[in-house]
Structure formats: C-alpha cells, structure tokens
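Novice: Pasting a structure below so you can have a look.
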Amino acid sequence: MQTIVQRWVTNILAVLCILMLVLIYTQKQPPDLSFLSSAGMQNFKTLFISIILEALPFVLLGVLVSALLQMFVSEQTIRRLTPKNPVLGVLFACVVGIIFPLCECGMVPVIRRLVLKGMPVYVAVVFILAGPIINPVVYAATFMAFRTRPEIAYSRMALAFIVAAAIGLIVYRFVKRNPIRGAAPELSANGYGAPQALHRLDNAQHNAHEHEHTHKHGHSHEQHHVHMHNHDHSDHHGHTHAHSHAHDHGHGRSRSSRLLGVLGHASDEFFDMGKYLIFGAFLTALIQTLVARESLVSIGQGDFTSHLFMMGLGYVLSLCSTSDAFVASSFAATFSTGSLLTFLVFGPMLDIKSTLMLLSAFRARFVLLLSALVVIVVLAASLLYERLFFL
C-alpha cells in the first residue's frame with residue numbers, strides 16, 4: 001500500500017514539474033485559480049475537512065478494536081458461544097457485535113471461516129448484517145454525530161436489530177444449500193455446514209497446529225531429552241528451571257509477534273477504510289456545495305425518494321460504520337429522519353466493497369438473494385419505523 005502511494009505521489013509531482021517547465025518555456029501566465037477562494041469553495045473545504053476530522057478518532061478506535069479481536073479472540077470461541085436454537089441463534093448474532101465489535105471490512109473473511117467450521121448460515125448472515133452496526137464504537141460515533149438528536153442513535157441500533165433478525169429468519173427458512181464458494185452444497189437440518197467440509201478443515205488446522213507446536217517447542221524438548229541423558233536425577237530442579245525458561249522465552253516471542261500483528265492489521269485496515277472515508281467526505285461535500293438546497297429539500301422530504309436516494313448514496317459511498325454517521329449528520333437539515341436511518345442501516349449492510357467481498361466468499365445466487373432481502377427489508381422497516389415514531 002505504501003509503495004503504491006509513493007508511486008502516485010511521485011507521478012503527480014513529475015507531472016506538475018513538467019507543467020511548470022512548459023509554462024516557463026512558453027512564457028504563459030499560470031491558470032487563474034481565484035475560484036479557490038470563492039465562497040462555494042470555502043464551503044466545500046469546510047465540509048470536507050470537518051467530516052474527516054470528526055470521523056477520524058472513531059475510525060482509529062474501530063480498527064484498533066477490530067485488530068485486537070482478530071489476533072486474540074479465536075473463531076472457536078464465537079462458534080462455541082453460538083446457541084443451537086434458531087431463534088436464540090439469531091438473537092445472539094444480533095447482539096454479538098457488543099461483545100466482538102468487528103468492522104464490516106474484516107467481517108466477511110471471519111464469517112466464511114466460521115461457516116466452514118460449522119456455524120449455521122443464517123447466524124453468519126445476521127452476524128454480517130448486525131455486527132458492524134450494533135456495537136459500542138458505532139453507537140458512540142452515532143451519538144456524537146447527532147448530539148442534539150440522540151434518538152437517532154437509539155433508533156439506528158433498534159432498526160438494525162429488527163432488519164438483521166428478520167433477514168436471518170428468512171434465510172433459515174428458505175436457504176437449504178451451503179452458499180460458501182468451494183464448499184459442499186449440503187446443509188444439515190439445522191442449517192449447519194456439511195460435516196465433510198468441516199472435518200477436512202479441522203484436520204488441516206490440527207496438522208498446522210501440530211507443526212507450529214513442534215516448530216516452537218521442538219528446541220526446548222530436544223534440550224530436555226539431552227539434559228536428562230547427560231545429568232543425574234539429583235539435578236532435576238535445575239533442569240526444570242532451564243526448561244521453563246526456554247518455554248517462557250518462546251511464549252514471549254509469540255506475544256510480541258501478536259502485538260506486531262495487531263499493529264500491522266490495524267494499519268492495513270485503517271488505510272483501506274481511509275480511502276473510502278476521504279471519497280465519501282469528498283462526494284458529500286460536493287453534493288452539499290453544488291446541488292441547490294431547494295433540490296435537496298424536495299428530494300429529502302419525499303416519502304420514497306428520500307429513502308431511495310440515501311440507499312443509493314450509502315451503496316456508492318461505501319463508508320465504514322464508524323464514520324458514516326458524520327456524513328449523515330450533514331444531511332440532517334434537509335432530509336427526513338427516516339431517510340437518515342435508512343442510510344445509517346443500509347450502508348453498513350450493503351455497499352460496493354461489501355458486495356465484492358461477499359462475492360469472493362459466497363455463491364453469486366446467494367449474494368443476489370441477500371442483497372434483494374437487504375433492500376426490501378431495510379426500506380420497508382425504515383418506512384414503518386418512521387411512521388410509528390417520527391410522524
């Protein structure tokens with residue numbers, strides 16, 4: 001990533017230098033840049049910078065928590081905690097983000113491994129949809145973005161819970177084939193993955209674990225046997241001390257490598273999400289600057305147009321759930337509360353980057369079905385929620 005950025009910066013600087021040389025050689029006046037100080041440009045820059053600065057601390061906190069969970073919380077732990085009952089499984093998956101607040105950027109690969117290990121497909125779907133929204137980091141970001149309207153933060157959590165639970169129950173009832181790419185298509189009666197795929201995965205992981213254990217502790221065990229052959233039993237206490245020291249040293253290296261892994265994972269995820277945040281802030285500021293306020297109001301107060309517009313905007317922007325609330329708050333004066341909730345719930349569940357990630361892990365037919373369910377259920381639930389609580 002850093003190499004790509006350096007290459008782009010070098011190319012841009014080279015083009016600028018060539019342009020300056022051409023201007024000097026032809027003795028032409030530089031282009032008129034007075035528009036940069038116009039009122040519209042000042043408004044654009046203010047909106048653009050304010051959105052980024054407000055969202056940045058929550059993005060940093062989100063990627064750090066996600067990296068810590070990625071390195072220190074095993075997938076077996078999540079699978080072991082998942083209830084077997086379908087209704088309890090759906091409810092657990094809806095609130096599991098409170099315990100494991102993973103960002104949607106790293107959610108799909110984790111869920112794919114969990115399904116291969118035996119997690120029910122309907123629970124995995126609910127986890128993908130609700131996890132990026134129903135967690136403390138996203139709630140804090142939404143609450144800060146709508147400080148004068150805290151009901152939006154509560155409503156976002158409630159609406160995401162309702163939508164994810166409804167879609168999970170639909171998937172449990174109608175999806176009878178394993179949607180994971182490359183896995184056996186059979187599902188058991190309770191929605192679990194095929195035992196053959198799970199058995200192969202467990203065997204592979206068991207062999208990898210044995211190899212890692214041998215690699216880490218082989219030297220210590222070898223020292224142990226050599227020491228036992230060369231020393232009398234009366235020196236058993238000294239041998240135990242030496243063996244423990246070597247064992248602890250190996251675990252010290254493991255802890256340090258995990259911490260380095262956390263930093264590496266967090267930095268990669270931050271740069272990956274950062275480009276979406278910058279693009280989203282840029283496009284939002286551009287819309288607010290170029291589109292007339294009267295046009296935005298006419299779109300934003302429509303019964304259906306406001307919801308459809310915000311769903312399309314959420315899909316295109318592909319913002320992280322820890323930063324999209326600050327983009328939504330910039331539309332609070334022109335768009336209805338229901339359409340803002342549609343944006344806040346639909347965007348983290350389905351956008352461009354999540355669609356591509358889903359297609360890399362799941363079969364295309366299942367991704368199409370899931371996308372249609374998200375569009376229909378989010379639109380219907382947000383319209384009903386708006387009529388019940390905000391009219």
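Chain identifiers are assigned as A, B, and so on, following the order in which chains appear in the structure tokens; residues are numbered from 1 within each chain, and ligands are numbered from 1 in order of appearance.
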Quick one: residues within 6 Å of Arg363 of chain A, only C-alpha atoms counted, chain neighbours fewer than 2 positions away excluded, as an mmCIF file with N, CA, C and O atoms, in the first residue's frame?
Specialist:
data_model
loop_
_atom_site.group_PDB
_atom_site.id
_atom_site.type_symbol
_atom_site.label_atom_id
_atom_site.label_comp_id
_atom_site.auth_asym_id
_atom_site.auth_seq_id
_atom_site.Cartn_x
_atom_site.Cartn_y
_atom_site.Cartn_z
ATOM 1 N N PRO A 179 -24.038 -21.762 0.875
ATOM 2 C CA PRO A 179 -23.698 -20.731 -0.108
ATOM 3 C C PRO A 179 -22.206 -20.442 -0.225
ATOM 4 O O PRO A 179 -21.806 -19.626 -1.053
ATOM 5 N N ARG A 181 -18.486 -20.559 -1.366
ATOM 6 C CA ARG A 181 -17.803 -20.988 -2.575
ATOM 7 C C ARG A 181 -16.833 -22.132 -2.249
ATOM 8 O O ARG A 181 -16.063 -22.053 -1.313
ATOM 9 N N ARG A 365 -25.555 -16.459 -6.594
ATOM 10 C CA ARG A 365 -27.008 -16.512 -6.396
ATOM 11 C C ARG A 365 -27.392 -16.131 -4.978
ATOM 12 O O ARG A 365 -28.363 -15.408 -4.758
ATOM 13 N N PHE A 366 -26.601 -16.576 -4.009
ATOM 14 C CA PHE A 366 -26.903 -16.240 -2.617
ATOM 15 C C PHE A 366 -26.660 -14.755 -2.357
ATOM 16 O O PHE A 366 -27.421 -14.111 -1.633
#
Novice: Counting only C-alpha atoms, figure out which residue out of A:Val367, A:Cys94, A:Val137, A:Ile352 gets nearest to Ile162 of chain A.
Specialist: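 Of all the options, A:Cys94 lies closest to Ile162 of chain A.
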Novice: Counting only C-alpha atoms, what is within 12 Å of segment 142-158 of chain A, bar same-chain residues fewer than 6 positions away, as a ChimeraX atom specification?
Specialist: /A:50-51,53-55,57-58,94-95,97-98,129-136,164-165,321-333,336-348,378,381-382,385-386,388-390
Novice: Taking only C-alpha atoms into account, name the residue in A:Gly261, A:Phe335, A:Leu23, A:Leu370 that is nearest to Ser295 of chain A.
Specialist: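 Checking each of A:Gly261, A:Phe335, A:Leu23, A:Leu370 against Ser295 of chain A, counting only C-alpha atoms, the winner is A:Phe335.
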Novice: What separation in Å, quoted to one decimal, exists between atom CA of Met349 of chain A and atom CA of Val96 of chain A?
Specialist: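 Taking atom CA of Met349 of chain A as the start and atom CA of Val96 of chain A as the end point, the length is 15.5 Å.
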Novice: Under the rule that only C-alpha atoms are counted, which of A:Val374, A:Ser360, A:Leu384, A:Leu68 is the nearest residue to Ile170 of chain A?
Specialist: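 The closest residue to Ile170 of chain A is A:Val374.
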Novice: Between A:Val126, A:Val121, A:Val90, A:Ala160, which one has atoms that come closest to Asn178 of chain A, using only C-alpha atoms?
Specialist: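 Ranking A:Val126, A:Val121, A:Val90, A:Ala160 by distance to Asn178 of chain A, first place goes to A:Val121.
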Novice: Using atom CA of Gln301 of chain A and atom CA of Gly314 of chain A as the two end points, give the distance in Å to one decimal.
Specialist: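 Here the two named atoms are 17.4 Å from each other.
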Novice: Select, from A:Leu60, A:Met310, A:Val262, A:Val65, the residue with the minimum atom-to-atom distance to Ile99 of chain A, counting only C-alpha atoms.
Specialist: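 With only C-alpha atoms as the atom set, the closest residue is A:Val65.
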Novice: Looking at only C-alpha atoms, which of A:Leu91, A:Ile12, A:Ala285, A:Leu64 is the one that sits closest to Gln42 of chain A?
Specialist: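 Smallest distance to Gln42 of chain A is found for A:Ala285.
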